[in-house]
Amino acid sequence: MTQQGVRWTADQVLALAPDAASRKAGSKLGAAGPWSEAGCSDEGRVWGLCKGSGSKPYQTVVDLADAAGPAYKCTCPSRKFPCKHALGLLLLWAADDTAVPPGQAPEWAGEWITGRRGRTAAKEAGERSGATSGSADPEAARRRAERRAERVTAGAVELEQRLADLLRGGLATAEQSGYGLWEETAARMVDAQAQGLAGRVRELGAIPSTGPGWPVRLLEECALLHLLGQGWLRRERLPDGLAATVHSRMGLPASADGPPLRDRWLVLAQYDTTDPRLTTRRIWLHGTDSQRTVLLLSYGAAGRAPELALPVGLALDAEVCAYPGAGQARVSLGEQFAPPAPAQIRPPGMTTSRAAARYGDALRDDPWLESVPVTLDRVVPVPDGDSWQLADADEDTALPLSPGARSRPGLWRLVALSGGAPVRVFGECGHQGFTPLTAWPEGPGDAVALC
């Protein structure tokens, strides 16, 4: 059991699954049949033996109270985390108090939990020691930072020249040159240790020949890239907050050095984006006391889900520390004071017009901002020609859904939840429209994940 004896819901358990196949396989193991010696503790640990194809059952244990997020151990050969056995055990625990009763952890489960906690403590101590030793030679650190800044500056100057060549030759040349030109330019930015520039250059390469109006979109992105390069070259003249934002957008590393903020954080949304090299997990949290909405980022190697998982509808009592930058929403997760537990809390909502204004205000601090997190109150999903929009039930305004949102299955879950009635929706509001991530019915009811 988790904090206050509240167990997770099946939807929250399935949100941990690394892929659809794991969700399906885990659901089949969510019944008592294959399990024996299953149990749980008030500290958020669950264990059990699952009968498999071999003579010995698989030993499965889950620690839901781990400070870094749920942790899993199973003797099966699967390389997925969590595996289908961990998902099945948690589904059984969520659904049946008698099948997974409170009790004392067996020796094999207790040894893993104790060992993991010890390794976590040692890692944290090592990180603190490394931070202390790293600061022992500030002059060497300053020289390393200067050398990298020089390389980034050289990359920004080269990119400015390439943008000038593109505009001088005309945007039509971008369609003729193909993607190879942009990939070669991005590789040059990687060599210059300007990962932020490299990422934006790769996005440029995907714009030509993408349908009507692509030259306008390409010009807009070139202008933002030019603005970022000029911001870096003139960073010493910028206000501190904007300078920190430019550093972050260029891809330079930064530490979450803001003061710790303790709150009860409601998990608003969790979703993954992937590329050939990396899986990025975005987790949005809302502080019930501070009323701040913040972002946790977690990473996994290509094809592997990140370890940190916080399903929608949970709340955790924890500290977070902000990363530098004007209007920065990203934080790092610090100390947790209790295991995550389901909560019926909802974030306060706003009108669609206020949401659009909020995005406009945020662009003053970060001109490269794609979107801002907002919760819309009393909106109705309605068709708009070939698209969809969220119409405000209390004023004559609406927000169009982003192109990506219109192709997601979550749109139909949102439409079904609404049934023509107003709902509360959390999502990301930006220049391409609104992307709904989580919704609540107007009356009582649990959060529904849309991503």
# chains A, B, ... in the order shown; residues from 1 in each chain; ligands from 1

$ residues_around --residues "A:Pro70" --least-positions-apart "3" --cutoff "8 Å" --atoms "only C-alpha atoms" --output "CSV table (one decimal) with N, CA and C atoms, in the first residue's frame"
chain,number,residue,atom,x,y,z
A,62,VAL,N,8.6,-4.8,-6.7
A,62,VAL,CA,8.5,-3.4,-7.1
A,62,VAL,C,8.5,-2.5,-5.9
A,63,ASP,N,9.3,-1.5,-6.0
A,63,ASP,CA,9.4,-0.5,-5.0
A,63,ASP,C,8.8,0.8,-5.5
A,64,LEU,N,7.6,1.1,-5.1
A,64,LEU,CA,6.9,2.3,-5.5
A,64,LEU,C,7.4,3.6,-4.8
A,65,ALA,N,8.1,3.4,-3.7
A,65,ALA,CA,8.5,4.6,-2.9
A,65,ALA,C,9.9,5.0,-3.2
A,66,ASP,N,10.6,4.5,-4.2
A,66,ASP,CA,11.9,4.9,-4.5
A,66,ASP,C,11.9,6.4,-4.9
A,307,GLU,N,13.7,5.5,-16.7
A,307,GLU,CA,13.4,4.9,-15.4
A,307,GLU,C,12.3,5.6,-14.7
A,308,LEU,N,12.4,7.0,-14.7
A,308,LEU,CA,11.4,7.7,-13.9
A,308,LEU,C,10.0,7.6,-14.5
A,309,ALA,N,9.0,7.2,-13.7
A,309,ALA,CA,7.7,7.1,-14.2
A,309,ALA,C,6.7,7.5,-13.1
A,310,LEU,N,5.9,8.5,-13.5
A,310,LEU,CA,4.9,9.0,-12.5
A,310,LEU,C,3.6,9.1,-13.2

$ closest_atom_pairs --of "stretch 255-295 of chain A" --to "stretch 16-24 of chain A" --cutoff "12 Å" --atoms "only C-alpha atoms" --output "JSON lines"
{"residue": "A:Gln270", "atom": "CA", "partner": "A:Leu16", "partner_atom": "CA", "distance": 9.7}
{"residue": "A:Tyr271", "atom": "CA", "partner": "A:Leu16", "partner_atom": "CA", "distance": 10.3}
{"residue": "A:Asp272", "atom": "CA", "partner": "A:Pro18", "partner_atom": "CA", "distance": 9.6}
{"residue": "A:Thr279", "atom": "CA", "partner": "A:Pro18", "partner_atom": "CA", "distance": 10.8}
{"residue": "A:Arg281", "atom": "CA", "partner": "A:Pro18", "partner_atom": "CA", "distance": 11.1}

$ write_last_selection --atoms "N, CA and C atoms" --output "PDB file, in the first residue's frame"
ATOM      1  N   GLN A 270       2.153  12.617 -18.488  1.00  0.00           N
ATOM      2  CA  GLN A 270       3.427  11.947 -18.753  1.00  0.00           C
ATOM      3  C   GLN A 270       3.379  11.381 -20.169  1.00  0.00           C
ATOM      4  N   TYR A 271       4.378  11.719 -20.982  1.00  0.00           N
ATOM      5  CA  TYR A 271       4.439  11.141 -22.319  1.00  0.00           C
ATOM      6  C   TYR A 271       5.880  11.132 -22.816  1.00  0.00           C
ATOM      7  N   ASP A 272       6.149  10.249 -23.778  1.00  0.00           N
ATOM      8  CA  ASP A 272       7.496  10.058 -24.317  1.00  0.00           C
ATOM      9  C   ASP A 272       7.575  10.550 -25.755  1.00  0.00           C
ATOM     10  N   THR A 279      15.199   8.381 -25.960  1.00  0.00           N
ATOM     11  CA  THR A 279      13.799   8.504 -25.567  1.00  0.00           C
ATOM     12  C   THR A 279      13.711   9.550 -24.464  1.00  0.00           C
ATOM     13  N   ARG A 281      11.276  11.498 -21.773  1.00  0.00           N
ATOM     14  CA  ARG A 281       9.985  11.457 -21.057  1.00  0.00           C
ATOM     15  C   ARG A 281       9.735  12.817 -20.410  1.00  0.00           C
TER      16      ARG A 281
END

$ residues_around --residues "A:Val294" --least-positions-apart "6" --cutoff "10 Å" --atoms "only C-alpha atoms" --output "list in words"
Trp265, Val267, Leu268, Ile283, Trp284, Leu285, His286, Gly287, Val320, Cys321, Ala322, Gln328, Ala329, Arg330, Val331, Ser332 and Pro373 of chain A

$ residues_around --residues "A:Ala318" --least-positions-apart "2" --cutoff "9 Å" --atoms "only C-alpha atoms" --output "list in words"
Leu261, Arg262, Asp263, Arg264, Trp265, Leu316, Val320, Leu333, Gly334, Glu335, Gln336, Phe337 and Ala338 of chain A

$ write_last_selection --atoms "N, CA and C atoms" --output "PDB file, in the first residue's frame"
ATOM      1  N   LEU A 261      11.933  23.772  -3.534  1.00  0.00           N
ATOM      2  CA  LEU A 261      10.537  24.139  -3.307  1.00  0.00           C
ATOM      3  C   LEU A 261       9.767  22.873  -2.958  1.00  0.00           C
ATOM      4  N   ARG A 262       9.304  22.807  -1.721  1.00  0.00           N
ATOM      5  CA  ARG A 262       8.530  21.634  -1.304  1.00  0.00           C
ATOM      6  C   ARG A 262       7.045  21.919  -1.500  1.00  0.00           C
ATOM      7  N   ASP A 263       6.347  20.930  -2.047  1.00  0.00           N
ATOM      8  CA  ASP A 263       4.918  21.080  -2.304  1.00  0.00           C
ATOM      9  C   ASP A 263       4.331  19.686  -2.454  1.00  0.00           C
ATOM     10  N   ARG A 264       3.027  19.632  -2.503  1.00  0.00           N
ATOM     11  CA  ARG A 264       2.352  18.400  -2.888  1.00  0.00           C
ATOM     12  C   ARG A 264       2.084  18.510  -4.378  1.00  0.00           C
ATOM     13  N   TRP A 265       2.804  17.712  -5.162  1.00  0.00           N
ATOM     14  CA  TRP A 265       2.819  17.855  -6.616  1.00  0.00           C
ATOM     15  C   TRP A 265       1.873  16.845  -7.246  1.00  0.00           C
ATOM     16  N   LEU A 316       2.630  13.585  -5.087  1.00  0.00           N
ATOM     17  CA  LEU A 316       3.783  13.272  -4.266  1.00  0.00           C
ATOM     18  C   LEU A 316       4.230  14.506  -3.494  1.00  0.00           C
ATOM     19  N   VAL A 320      11.449  20.189  -5.378  1.00  0.00           N
ATOM     20  CA  VAL A 320      12.004  20.337  -6.712  1.00  0.00           C
ATOM     21  C   VAL A 320      12.910  21.566  -6.732  1.00  0.00           C
ATOM     22  N   LEU A 333      13.920  16.687  -9.672  1.00  0.00           N
ATOM     23  CA  LEU A 333      13.207  16.133  -8.521  1.00  0.00           C
ATOM     24  C   LEU A 333      14.188  15.890  -7.393  1.00  0.00           C
ATOM     25  N   GLY A 334      13.885  16.457  -6.233  1.00  0.00           N
ATOM     26  CA  GLY A 334      14.740  16.287  -5.072  1.00  0.00           C
ATOM     27  C   GLY A 334      14.180  15.251  -4.111  1.00  0.00           C
ATOM     28  N   GLU A 335      14.264  15.542  -2.846  1.00  0.00           N
ATOM     29  CA  GLU A 335      13.847  14.587  -1.823  1.00  0.00           C
ATOM     30  C   GLU A 335      12.332  14.382  -1.844  1.00  0.00           C
ATOM     31  N   GLN A 336      11.926  13.120  -1.745  1.00  0.00           N
ATOM     32  CA  GLN A 336      10.513  12.783  -1.609  1.00  0.00           C
ATOM     33  C   GLN A 336      10.243  12.406  -0.160  1.00  0.00           C
ATOM     34  N   PHE A 337       9.161  12.933   0.393  1.00  0.00           N
ATOM     35  CA  PHE A 337       8.867  12.729   1.800  1.00  0.00           C
ATOM     36  C   PHE A 337       7.817  11.655   2.027  1.00  0.00           C
ATOM     37  N   ALA A 338       7.219  11.139   0.969  1.00  0.00           N
ATOM     38  CA  ALA A 338       6.240  10.058   1.060  1.00  0.00           C
ATOM     39  C   ALA A 338       6.101   9.439  -0.319  1.00  0.00           C
TER      40      ALA A 338
END

$ atom_distance --atom1 "atom CA of A:Gly427" --atom2 "atom CA of A:Ala86"
29.6 Å

$ closest_residue --among "A:Leu363, A:Ala343, A:Val152, A:Met250" --to "A:Gly445" --atoms "only C-alpha atoms"
A:Ala343

$ atom_distance --atom1 "atom CA of A:Glu160" --atom2 "atom CA of A:Gly229"
7.1 Å

$ closest_residue --among "A:Leu390, A:Ala398, A:Cys451, A:Ala254" --to "A:Ala421" --atoms "only C-alpha atoms"
A:Leu390

$ residues_around --residues "A:Pro422" --least-positions-apart "3" --cutoff "10 Å" --atoms "only C-alpha atoms" --output "list in words"
Asp377, Arg378, Val379, Val380, Pro381, Leu390, Ala391, Asp392, Ala393, Asp394, Leu417, Ser418, Gly419, Val425, Trp440, Pro441, Glu442 and Gly443 of chain A

$ select_by_dssp --residues "stretch 88-333 of chain A" --states "alpha helix (DSSP H)" --output "JSON, numbers by chain"
{"A": [88, 89, 90, 91, 92, 93, 94, 95, 107, 108, 109, 110, 111, 112, 113, 114, 115, 116, 117, 118, 119, 120, 121, 122, 123, 124, 125, 126, 127, 128, 129, 130, 131, 132, 133, 134, 138, 139, 140, 141, 142, 143, 144, 145, 146, 147, 148, 149, 150, 151, 152, 153, 154, 155, 156, 157, 158, 159, 160, 161, 162, 163, 164, 165, 166, 167, 168, 169, 172, 173, 174, 175, 176, 177, 179, 180, 181, 182, 183, 184, 185, 186, 187, 188, 189, 190, 191, 195, 196, 197, 198, 199, 200, 201, 202, 203, 204, 205, 214, 215, 216, 217, 218, 219, 220, 221, 222, 223, 224, 225, 226, 227, 228, 229, 230, 231, 232, 233, 240, 241, 242, 243, 244, 245, 246, 247, 248, 249]}

$ atom_distance --atom1 "atom CA of A:Glu150" --atom2 "atom CA of A:Trp232"
11.1 Å
